[in-house]
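Peer 1: input.cif is the file, holding mmCIF, N, CA and C atoms:
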data_query
loop_
_atom_site.label_atom_id
_atom_site.label_comp_id
_atom_site.auth_asym_id
_atom_site.auth_seq_id
_atom_site.Cartn_x
_atom_site.Cartn_y
_atom_site.Cartn_z
N MET A 416 0.84 -1.18 0.00
CA MET A 416 0.00 0.00 0.00
C MET A 416 0.89 1.24 0.00
N ASP A 417 0.48 2.21 -0.76
CA ASP A 417 1.17 3.48 -0.84
C ASP A 417 1.04 4.21 0.50
N LEU A 418 2.15 4.70 1.03
CA LEU A 418 2.12 5.38 2.33
C LEU A 418 1.22 6.61 2.32
N ARG A 419 1.22 7.33 1.23
CA ARG A 419 0.38 8.53 1.14
C ARG A 419 -1.10 8.14 1.27
N MET A 420 -1.51 7.09 0.59
CA MET A 420 -2.89 6.60 0.66
C MET A 420 -3.22 6.12 2.08
N PHE A 421 -2.27 5.42 2.69
CA PHE A 421 -2.47 4.91 4.03
C PHE A 421 -2.76 6.04 5.01
N TYR A 422 -1.94 7.07 4.98
CA TYR A 422 -2.13 8.18 5.92
C TYR A 422 -3.36 9.03 5.58
N GLN A 423 -3.73 9.10 4.32
CA GLN A 423 -4.97 9.79 3.96
C GLN A 423 -6.17 9.04 4.53
N LYS A 424 -6.17 7.72 4.39
CA LYS A 424 -7.24 6.90 4.95
C LYS A 424 -7.27 7.04 6.46
N MET A 425 -6.09 7.03 7.07
CA MET A 425 -6.00 7.14 8.51
C MET A 425 -6.59 8.47 9.00
N ARG A 426 -6.24 9.56 8.33
CA ARG A 426 -6.77 10.88 8.72
C ARG A 426 -8.28 10.93 8.55
N LYS A 427 -8.80 10.33 7.48
CA LYS A 427 -10.24 10.32 7.23
C LYS A 427 -10.96 9.55 8.33
N VAL A 428 -10.46 8.38 8.67
CA VAL A 428 -11.07 7.58 9.73
C VAL A 428 -10.99 8.32 11.06
N GLU A 429 -9.86 8.94 11.35
CA GLU A 429 -9.68 9.67 12.60
C GLU A 429 -10.68 10.82 12.71
N GLU A 430 -10.95 11.51 11.60
CA GLU A 430 -11.93 12.60 11.60
C GLU A 430 -13.33 12.10 11.90
N ASP A 431 -13.63 10.87 11.48
CA ASP A 431 -14.97 10.31 11.67
C ASP A 431 -15.21 9.78 13.08
N ILE A 432 -14.16 9.66 13.87
CA ILE A 432 -14.29 9.16 15.23
C ILE A 432 -14.63 10.33 16.15
N ALA A 433 -15.76 10.25 16.82
CA ALA A 433 -16.24 11.37 17.63
C ALA A 433 -15.56 11.43 19.00
N SER A 434 -15.32 10.31 19.61
CA SER A 434 -14.78 10.26 20.96
C SER A 434 -13.29 10.55 21.00
N THR A 435 -12.84 11.19 22.09
CA THR A 435 -11.42 11.46 22.27
C THR A 435 -10.65 10.17 22.55
N HIS A 436 -11.26 9.29 23.34
CA HIS A 436 -10.66 7.99 23.67
C HIS A 436 -11.65 6.89 23.31
N PRO A 437 -11.70 6.51 22.04
CA PRO A 437 -12.67 5.50 21.62
C PRO A 437 -12.26 4.09 22.07
N VAL A 438 -13.25 3.23 22.09
CA VAL A 438 -13.02 1.81 22.38
C VAL A 438 -13.04 1.08 21.05
N VAL A 439 -12.03 0.24 20.83
CA VAL A 439 -11.98 -0.58 19.63
C VAL A 439 -12.08 -2.04 20.02
N VAL A 440 -12.55 -2.84 19.09
CA VAL A 440 -12.68 -4.29 19.29
C VAL A 440 -11.80 -4.96 18.26
N SER A 441 -10.91 -5.82 18.72
CA SER A 441 -9.99 -6.49 17.80
C SER A 441 -10.75 -7.47 16.92
N VAL A 442 -10.19 -7.72 15.75
CA VAL A 442 -10.73 -8.72 14.83
C VAL A 442 -9.66 -9.79 14.63
N GLU A 443 -10.09 -10.98 14.25
CA GLU A 443 -9.15 -12.07 14.03
C GLU A 443 -8.28 -11.75 12.81
N THR A 444 -6.99 -11.96 12.96
CA THR A 444 -6.07 -11.71 11.86
C THR A 444 -5.29 -12.98 11.54
N GLN A 445 -4.67 -13.01 10.38
CA GLN A 445 -3.91 -14.18 9.95
C GLN A 445 -2.66 -14.40 10.77
N ASP A 446 -2.15 -13.33 11.39
CA ASP A 446 -0.92 -13.47 12.18
C ASP A 446 -1.20 -13.80 13.64
N GLY A 447 -2.42 -14.26 13.93
CA GLY A 447 -2.73 -14.73 15.27
C GLY A 447 -3.50 -13.76 16.13
N GLY A 448 -3.97 -12.66 15.57
CA GLY A 448 -4.76 -11.70 16.33
C GLY A 448 -6.06 -12.31 16.81
N LYS A 449 -6.38 -12.06 18.08
CA LYS A 449 -7.57 -12.63 18.69
C LYS A 449 -8.75 -11.68 18.55
N ALA A 450 -9.88 -12.19 18.13
CA ALA A 450 -11.06 -11.36 17.92
C ALA A 450 -11.79 -11.10 19.24
N GLY A 451 -12.39 -9.91 19.34
CA GLY A 451 -13.27 -9.60 20.46
C GLY A 451 -12.64 -8.92 21.66
N VAL A 452 -11.36 -8.59 21.61
CA VAL A 452 -10.70 -7.93 22.73
C VAL A 452 -10.96 -6.43 22.63
N LYS A 453 -11.55 -5.86 23.69
CA LYS A 453 -11.88 -4.44 23.71
C LYS A 453 -10.76 -3.65 24.39
N THR A 454 -10.44 -2.50 23.81
CA THR A 454 -9.37 -1.66 24.34
C THR A 454 -9.73 -0.20 24.10
N GLU A 455 -9.43 0.65 25.09
CA GLU A 455 -9.61 2.08 24.92
C GLU A 455 -8.29 2.68 24.47
N VAL A 456 -8.32 3.39 23.35
CA VAL A 456 -7.09 3.94 22.75
C VAL A 456 -7.32 5.38 22.33
N SER A 457 -6.27 6.03 21.87
CA SER A 457 -6.39 7.38 21.33
C SER A 457 -7.07 7.31 19.96
N ARG A 458 -7.57 8.45 19.51
CA ARG A 458 -8.21 8.50 18.19
C ARG A 458 -7.23 8.09 17.09
N GLU A 459 -5.99 8.55 17.21
CA GLU A 459 -4.98 8.23 16.20
C GLU A 459 -4.70 6.72 16.14
N MET A 460 -4.56 6.10 17.30
CA MET A 460 -4.30 4.67 17.34
C MET A 460 -5.50 3.88 16.84
N ALA A 461 -6.71 4.33 17.18
CA ALA A 461 -7.92 3.66 16.70
C ALA A 461 -7.98 3.71 15.18
N ALA A 462 -7.69 4.87 14.62
CA ALA A 462 -7.70 5.01 13.16
C ALA A 462 -6.67 4.09 12.52
N LYS A 463 -5.49 4.01 13.10
CA LYS A 463 -4.43 3.15 12.56
C LYS A 463 -4.86 1.68 12.58
N LEU A 464 -5.42 1.23 13.70
CA LEU A 464 -5.84 -0.17 13.82
C LEU A 464 -6.97 -0.49 12.85
N ILE A 465 -7.89 0.47 12.66
CA ILE A 465 -9.00 0.25 11.75
C ILE A 465 -8.51 0.17 10.31
N VAL A 466 -7.65 1.09 9.90
CA VAL A 466 -7.13 1.10 8.53
C VAL A 466 -6.31 -0.15 8.25
N GLU A 467 -5.56 -0.62 9.24
CA GLU A 467 -4.77 -1.84 9.08
C GLU A 467 -5.62 -3.10 9.08
N GLY A 468 -6.90 -2.98 9.44
CA GLY A 468 -7.78 -4.15 9.48
C GLY A 468 -7.58 -5.00 10.71
N ARG A 469 -7.05 -4.42 11.76
CA ARG A 469 -6.78 -5.18 12.99
C ARG A 469 -7.84 -4.97 14.05
N ALA A 470 -8.72 -3.96 13.86
CA ALA A 470 -9.76 -3.67 14.84
C ALA A 470 -10.91 -2.94 14.16
N ARG A 471 -12.01 -2.86 14.87
CA ARG A 471 -13.15 -2.06 14.43
C ARG A 471 -13.60 -1.19 15.59
N LEU A 472 -14.31 -0.14 15.30
CA LEU A 472 -14.81 0.75 16.34
C LEU A 472 -15.93 0.04 17.08
N ALA A 473 -15.91 0.09 18.40
CA ALA A 473 -16.94 -0.55 19.20
C ALA A 473 -18.25 0.22 19.09
N SER A 474 -19.35 -0.49 19.19
CA SER A 474 -20.66 0.16 19.20
C SER A 474 -20.84 0.88 20.54
N ASP A 475 -21.86 1.72 20.63
CA ASP A 475 -22.13 2.42 21.88
C ASP A 475 -22.40 1.44 23.01
N GLU A 476 -23.12 0.38 22.70
CA GLU A 476 -23.44 -0.64 23.71
C GLU A 476 -22.16 -1.35 24.19
N GLU A 477 -21.29 -1.69 23.27
CA GLU A 477 -20.03 -2.35 23.63
C GLU A 477 -19.14 -1.41 24.45
N THR A 478 -19.14 -0.13 24.10
CA THR A 478 -18.35 0.85 24.84
C THR A 478 -18.85 0.98 26.27
N ASP A 479 -20.18 1.08 26.44
CA ASP A 479 -20.75 1.18 27.79
C ASP A 479 -20.42 -0.06 28.62
N GLU A 480 -20.54 -1.23 28.00
CA GLU A 480 -20.23 -2.49 28.68
C GLU A 480 -18.76 -2.52 29.13
N PHE A 481 -17.87 -2.08 28.24
CA PHE A 481 -16.44 -2.07 28.54
C PHE A 481 -16.13 -1.14 29.72
N ARG A 482 -16.70 0.05 29.69
CA ARG A 482 -16.43 1.04 30.76
C ARG A 482 -17.03 0.62 32.09
N LYS A 483 -18.19 -0.04 32.07
CA LYS A 483 -18.78 -0.56 33.31
C LYS A 483 -17.88 -1.65 33.90
N ALA A 484 -17.35 -2.50 33.05
CA ALA A 484 -16.46 -3.56 33.52
C ALA A 484 -15.19 -2.96 34.15
N LEU A 485 -14.68 -1.89 33.57
CA LEU A 485 -13.50 -1.23 34.14
C LEU A 485 -13.78 -0.64 35.51
N LYS A 486 -14.97 -0.05 35.67
CA LYS A 486 -15.33 0.53 36.96
C LYS A 486 -15.37 -0.55 38.04
N HIS A 487 -15.91 -1.72 37.69
CA HIS A 487 -15.98 -2.81 38.66
C HIS A 487 -14.59 -3.32 39.05
N LEU A 488 -13.65 -3.24 38.13
CA LEU A 488 -12.28 -3.67 38.43
C LEU A 488 -11.55 -2.66 39.31
N HIS A 489 -11.87 -1.38 39.14
CA HIS A 489 -11.16 -0.35 39.88
C HIS A 489 -11.71 -0.13 41.29
N ARG A 490 -12.94 -0.49 41.55
CA ARG A 490 -13.53 -0.27 42.87
C ARG A 490 -12.75 -0.94 44.00
N PRO A 491 -12.42 -2.24 43.90
CA PRO A 491 -11.68 -2.87 45.00
C PRO A 491 -10.30 -2.22 45.22
N ALA A 492 -9.66 -1.81 44.15
CA ALA A 492 -8.35 -1.18 44.28
C ALA A 492 -8.47 0.16 44.99
N ARG A 493 -9.49 0.93 44.68
CA ARG A 493 -9.68 2.22 45.34
C ARG A 493 -9.99 2.04 46.82
N LYS A 494 -10.77 1.02 47.15
CA LYS A 494 -11.08 0.76 48.57
C LYS A 494 -9.81 0.43 49.34
N GLN A 495 -8.92 -0.32 48.73
CA GLN A 495 -7.66 -0.66 49.39
C GLN A 495 -6.80 0.56 49.60
N GLU A 496 -6.81 1.47 48.63
CA GLU A 496 -6.03 2.70 48.75
C GLU A 496 -6.53 3.56 49.92
N LEU A 497 -7.83 3.62 50.08
CA LEU A 497 -8.40 4.46 51.13
C LEU A 497 -8.19 3.81 52.47
#
Would you write the structure of this file as structure tokens?

Peer 2:
Amino acid sequence: MDLRMFYQKMRKVEEDIASTHPVVVSVETQDGGKAGVKTEVSREMAAKLIVEGRARLASDEETDEFRKALKHLHRPARKQEL
């Protein structure tokens, strides 16, 4: 792929992402990438992963589910700190 085209696609995808820290969901890849892993990343990294075909943008429902799960993980740690 031409680098100029790659970065043009990346900028276009990045512009279309509304959230500052979007959640992406990995897709299965030929090099062993595991499908379904959710991660919160920067807009730039999300665009790169999407253009490379390694992830897709999570739906609103998937994003809410991911953030709720994170809150449940952080609660016990915060209680220990206090």

Peer 1: Pick from A:Ala473, A:His489, A:Pro437, A:Tyr422: nearest to Ala461 of chain A, with only C-alpha atoms counted?

Peer 2: A:Pro437

Peer 1: Write out as AutoDock Vina command-line options an axis-aligned box for segment 451-469 of chain A: all of its atoms listed in the file, 3 Å added on each side, centre and edge lengths in Å with one decimal.

Peer 2:
--center_x -8.8 --center_y -0.7 --center_z 16.7 --size_x 15.0 --size_y 24.5 --size_z 22.8

Peer 1: If you count only N, CA and C atoms, which residues fall within 6 Å of Val438 of chain A, apart from same-chain ones fewer than 3 positions away, as a list in words?

Peer 2: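 Residues meeting the cut-off are Thr454, Glu455, Val456, Arg471, Leu472, Ala473 and Thr478 of chain A.
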
Peer 1: Between atom C of Arg469 of chain A and atom N of Gly448 of chain A, what is the spacing in Å?

Peer 2: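 Taking atom N of Gly448 of chain A as the start and atom C of Arg469 of chain A as the end point, the length is 8.7 Å.
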
Peer 1: Output as a list in words all residues of chain A that backbone DSSP marks as strand (DSSP E or B).

Peer 2: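 Checking each residue of chain A, the strand (DSSP E or B) ones are Val438, Val439, Val440, Ser441, Lys453, Thr454, Glu455, Ala470, Arg471 and Leu472 of chain A.
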
Peer 1: Restricting the calculation to only C-alpha atoms: of A:His487, A:His436, A:Lys453, A:Lys424, which residue gets closest to Glu467 of chain A?

Peer 2: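 Distance minimum relative to Glu467 of chain A lands on A:Lys424.
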
Peer 1: In Å to one decimal, how far is atom N of Glu429 of chain A from atom N of Lys463 of chain A?

Peer 2: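 That distance, rounded to one decimal, is 6.8 Å.
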
Peer 1: Enter the distance from atom CA of Ala462 of chain A to atom N of Gly447 of chain A, in Å, rounded to one decimal.

Peer 2: 20.0 Å

Peer 1: Could you pull out the helix (DSSP H, G or I) residues of chain A, going by DSSP on the backbone, and write them as JSON, numbers by chain?

Peer 2: {"A": [418, 419, 420, 421, 422, 423, 424, 425, 426, 427, 428, 429, 430, 431, 458, 459, 460, 461, 462, 463, 464, 465, 466, 467, 475, 476, 477, 478, 479, 480, 481, 482, 483, 484, 485, 486, 487, 488, 489, 490, 491, 492, 493, 494, 495, 496]}

Peer 1: Which one is closest to Ser441 of chain A: A:Glu480, A:Gly468, A:Met420, A:Pro491? Count all atoms listed in the file.

Peer 2: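 Checking each candidate against Ser441 of chain A, we get A:Gly468 as the closest.
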